[in-house]
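Asks: One structure follows; several queries about it will come next.
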Amino acid sequence: MEQHSQENETIPAFDLFVIGGGINGAGIARDAAGRGMSVYMCERGDLAQGTSSASSKMIHGGLRYLEFYEFRLVREALKEREVLLESAPHIIWPVEFVLPHSPGLRSIWLVRLGLFLYDHLAKRKRLGRSYGVKLNESRFGKPLKKFVKEGFVYSDCWVEDSRLVVLSTIDAAKHGAHIHTYTKFLGAKREGKKWRITVQYPDGREETVFARYLVNAAGPRVSKVALNIIGGDEFPKPMRLVKGSHIIVPRLYEGEHAYILQHSDRRMVFVIPFEDRYTLIGTTDQAAEENEVDHPKISQGEIEYLLEAVNLYFTRRLTPEDVIHTYSGVRPLYDDGSTENQRVTRDYMITLNEQCVSVYGGKITTFRRLAEEVVDKIIEDQGRTITGTLAHWTSKGILPGGDIPDSLTQFTQAMVETYSGMPEGMITRFASQYGTRIHDLLQGVTGLSEMGTHLGDGLYTREVDFLVDQEWARAPDDILMRRTRLGLHATQETKDNLAAYLDKRV
Ligand SMILES: Cc1cc2nc3c(=O)[nH]c(=O)nc-3n(C[C@H](O)[C@H](O)[C@H](O)COP(=O)(O)OP(=O)(O)OC[C@H]3O[C@@H](n4cnc5c(N)ncnc54)[C@H](O)[C@@H]3O)c2cc1C
């Protein structure tokens with residue numbers, strides 16, 4: 001249902017126009033389309049190009065939020081871990097977090113109480129409960145300094161953040177949503193009971209789209225975008241922009257568990273296995289300027305701060321030379337007036353005025369619930385009730401590729417056998433990246449000769465075509481950093497080959 005500029009009330013309009021293809025915009029588009037609404041979603045760059053690919057990549061309850069009495073948020077997030085694990089087991093999996101006790105910081109009783117609440121605030125099906133551990137006698141203590149004698153182990157989940165956005169968008173499109181990436185929302189004006197919206201396509205062409213409801217899910221730009229929405233009652237809420245950065249170093253220790261370290265200022269720093277050969281370390285909480293939102297960068301001070309946290313606990317000493325990659329993102333937080341950035345609520349806030357919804361704050365972990373609430377609000381605003389099998393359908397909805405019959409390990413093994421003519425490492429990557437959609441990518445493929453041209457580092461044109469045709473990829477980084485993580489180690493030659501191929505292809 002493409003719309004064109006006409007000036008009367010009888011012209012058809014989308015039910016919903018969503019601004020922003022981060023996790024929240026994608027989640028809302030998916031939920032609404034699945035409930036039968038007509039949806040147009042625009043993202044000015046690539047899917048997940050903003051904060052949603054710069055997270056710590058955890059689906060977690062947020063142990064530290066308990067200290068700030070965020071019980072509602074933690075309970076909801078803990079519940080979501082189980083729901084999301086079921087919906088996308090290829091990109092979300094449980095991880096054990098080791099929390100070394102550090103004498104002089106939080107007392108052991110406080111930590112125990114926090115973990116007790118963490119275990120009991122919501123039902124657990126697949127995730128284990130926490131337990132104490134003597135680190136000086138356990139494999140978890142091996143890479144740590146001798147002073148670390150005891151600690152705790154609890155479970156949360158890992159998520160491939162940008163792929164979660166892509167899969168939610170694919171699901172939205174499967175339910176009929178119109179997805180337009182590299183398409184900028186320029187402005188909207190109230191016209192009768194509809195919004196008259198102007199978008200700009202990648203070729204510079206502008207178009208008018210009509211919609212009954214407007215959803216502003218522009219992340220850190222939500223307030224800026226709100227200034228281009230005229231004729232409603234929606235005023236931007238106070239926001240706190242807080243930058244968070246990560247560093248990536250060569251693998252620091254053996255094992256699939258992660259660590260959560262108490263820094264000397266009591267902040268928590270995560271150390272997580274990443275892509276087989278690396279370790280991910282983050283994050284920070286720094287006030288961000290408005291002009292940093294588009295391209296946030298890590299500072300030298302942040303690098304030193306993160307290295308310091310690791311060097312406090314690990315025997316292997318890291319220096320800035322060990323850092324092979326960094327990334328930063330800006331948290332679009334709802335400003336609750338907290339003095340310290342780390343204390344600002346991570347809960348979300350949804351406003352609805354004159355058929356315009358704005359989304360502030362939130363976590364990747366709670367995106368599905370946030371989306372559900374947005375769509376519920378819109379339905380209620382229309383005077384309808386929320387009933388029927390489609391209400392809250394995403395709590396049981398499986399994301400594309402997530403219909404894996406067994407565990408990811410068993411599924412991967414089965415795929416290696418099915419595609420026995422292909423390199424095992426490549427099939428292992430495909431199994432996790434695409435889940436059961438691996439068969440869409442590899443239909444009829446018996447060996448590498450059917451994968452097209454090799455661009456380098458295991459990237460073949462068949463996969464690139466799949467990502468362009470099925471996942472809206474257009475630019476090299478869309479593929480190297482947000483659809484795959486090959487960019488972490490791809491050579492310049494591979495990058496150039498890919499850029500040249502896309503130039504011809506897109
Ligand atoms: C350092 C850090 C670590 C984090 N770690 C975690 C974690 O481990 N777990 C967790 O659950 N959460 C985590 N979060 C929080 C989570 O990443 C964010 O809450 C979430 O990604 C916000 O998603 P969003 O869709 O609101 O914003 P974004 O992902 O920023 O999406 C907004 C999109 O809107 C687009 N846009 C803006 N203006 C326009 C326009 N005019 N037209 C069209 N499109 C537009 C942008 O390009 C952008 O893609 C972390 C955040 C940070 C910064």
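The chains in the structure tokens are called A, B, ... from first to last as shown; in each chain the residues are counted from 1, and the ligands are counted from 1 in the order shown.
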Please return, as a PyMOL selection string, all residues of range 203-369 of chain A that DSSP assigns to alpha helix (DSSP H) on the basis of the backbone.
Replies: chain A and resi 222-226+300-313+367-369
Asks: Could you make a table, as a tab-separated table, of the residues of chain A that have an atom within 6 Å of an atom of ligand 1, each with its nearest atom pair and distance in Å to one decimal, counting only C-alpha atoms and all ligand atoms, in chain and number order?
Replies:
```
residue	atom	partner	partner_atom_place_in_ligand_line	distance
A:Ile19	CA	ligand 1	43 (C)	5.2
A:Gly20	CA	ligand 1	34 (O)	3.3
A:Gly21	CA	ligand 1	49 (O)	4.9
A:Gly22	CA	ligand 1	31 (O)	3.4
A:Ile23	CA	ligand 1	25 (O)	4.1
A:Asn24	CA	ligand 1	25 (O)	3.9
A:Gly25	CA	ligand 1	25 (O)	5.4
A:Cys42	CA	ligand 1	43 (C)	5.3
A:Glu43	CA	ligand 1	44 (N)	3.7
A:Arg44	CA	ligand 1	43 (C)	3.8
A:Gly45	CA	ligand 1	47 (O)	5.4
A:Leu47	CA	ligand 1	49 (O)	6.0
A:Ala48	CA	ligand 1	49 (O)	5.0
A:Gln49	CA	ligand 1	49 (O)	4.8
A:Gly50	CA	ligand 1	30 (O)	3.9
A:Thr51	CA	ligand 1	29 (O)	3.9
A:Ser52	CA	ligand 1	21 (O)	3.3
A:Ala54	CA	ligand 1	2 (C)	5.8
A:Ser55	CA	ligand 1	4 (C)	3.4
A:Ser56	CA	ligand 1	8 (O)	3.7
A:Lys57	CA	ligand 1	8 (O)	4.3
A:Met58	CA	ligand 1	8 (O)	3.8
A:Ile59	CA	ligand 1	11 (O)	5.2
A:Lys184	CA	ligand 1	42 (N)	3.8
A:Phe185	CA	ligand 1	42 (N)	3.7
A:Leu186	CA	ligand 1	41 (N)	5.9
A:Ala217	CA	ligand 1	26 (O)	5.6
A:Ala218	CA	ligand 1	34 (O)	3.5
A:Gly219	CA	ligand 1	27 (O)	3.4
A:Pro220	CA	ligand 1	30 (O)	5.7
A:Arg221	CA	ligand 1	37 (C)	5.3
A:Val225	CA	ligand 1	41 (N)	5.9
A:Lys243	CA	ligand 1	53 (C)	5.8
A:Gly244	CA	ligand 1	1 (C)	3.5
A:Ser245	CA	ligand 1	1 (C)	5.2
A:Thr283	CA	ligand 1	1 (C)	5.7
A:Gly329	CA	ligand 1	53 (C)	4.1
A:Val330	CA	ligand 1	53 (C)	4.4
A:Arg331	CA	ligand 1	53 (C)	4.2
A:Gly361	CA	ligand 1	19 (O)	5.7
A:Gly362	CA	ligand 1	19 (O)	4.5
A:Lys363	CA	ligand 1	19 (O)	3.7
A:Ile364	CA	ligand 1	11 (O)	3.5
A:Thr365	CA	ligand 1	11 (O)	3.7
```
Asks: Just checking: using only C-alpha atoms, which residue out of A:Gln342, A:Lys134, A:Phe411, A:Arg139 ends up closest to Arg64 in chain A?
Replies: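 With only C-alpha atoms as the atom set, the closest residue is A:Gln342.
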Asks: Given the choices A:Asp161, A:Asp406, A:Glu450, A:Glu493, which gets closest to Met422 in chain A if the distance is worked out from only C-alpha atoms?
Replies: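 Of the candidates, the smallest distance to Met422 in chain A is held by A:Glu450.
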Asks: Excluding Leu121 in chain A and its own-chain neighbours fewer than 4 positions away, which residues fall within 9 Å of it when counting only C-alpha atoms? Please give them as a VMD selection string.
Replies: chain A and resid 71 74 to 76 78 to 79 116 to 117
Asks: What does the file look like for those residues with C-alpha atoms, as a compact mmCIF listing (two decimals), in the first residue's frame?
Replies:
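Output file selection-v6.txt follows:
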```
# COMPACT_ATOMS: atom_id res chain seq x y z
CA PHE A 71 12.50 -4.11 40.67
CA VAL A 74 14.57 -6.36 36.58
CA ARG A 75 11.53 -8.64 36.92
CA GLU A 76 10.37 -7.86 33.37
CA LEU A 78 14.39 -11.61 33.82
CA LYS A 79 11.13 -12.93 32.34
CA PHE A 116 18.70 -14.29 45.74
CA LEU A 117 16.34 -11.67 44.30
```
Asks: Give the answer as one residue: which of A:Asp322, A:Lys174, A:Ser130, A:Ala32 has the shortest atom-to-atom distance to Asp376 in chain A, using only C-alpha atoms?
Replies: A:Ala32
Asks: With distances taken over only C-alpha atoms, which of A:Phe367, A:Phe17, A:Trp393, A:Tyr434 is nearest to Val165 in chain A?
Replies: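 The answer is A:Phe367, which sits nearest to Val165 in chain A.
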Asks: From a DSSP pass on the backbone, collect the residues of range 211-419 of chain A flagged as strand (DSSP E or B) and hand them back as a PyMOL selection string.
Replies: chain A and resi 211-216+229-230+239-250+258-262+268-274+278-282+286-287+314+325-334+348-353+356-361
Asks: Report the distance between CA of Arg251 in chain A and CA of Pro143 in chain A in Å, rounded to one decimal place.
Replies: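 The value is 11.6 Å.
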Asks: Which residues are near Gly187 in chain A? Cut-off 7 Å, only C-alpha atoms, ignore same chain within fewer than 2 positions. Put them as a PyMOL selection string.
Replies: chain A and resi 185+189+197-198+228-229
Asks: Have a look at CA of Arg196 in chain A and CA of Lys224 in chain A and let me know their distance in Å, one decimal.
Replies: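 Interatomic distance, CA of Arg196 in chain A to CA of Lys224 in chain A: 18.3 Å.
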Asks: Please, which residues in range 270-304 of chain A fall within 10 Å of range 82-104 of chain A when counting only C-alpha atoms, and what is the closest atom pair and distance in Å to one decimal for each, ordered by chain then residue number, as a tab-separated table?
Replies:
```
residue	atom	partner	partner_atom	distance
A:Phe270	CA	A:Phe97	CA	8.8
A:Val271	CA	A:Phe97	CA	9.0
A:Ile272	CA	A:Phe97	CA	8.6
A:Pro273	CA	A:Val95	CA	9.6
```
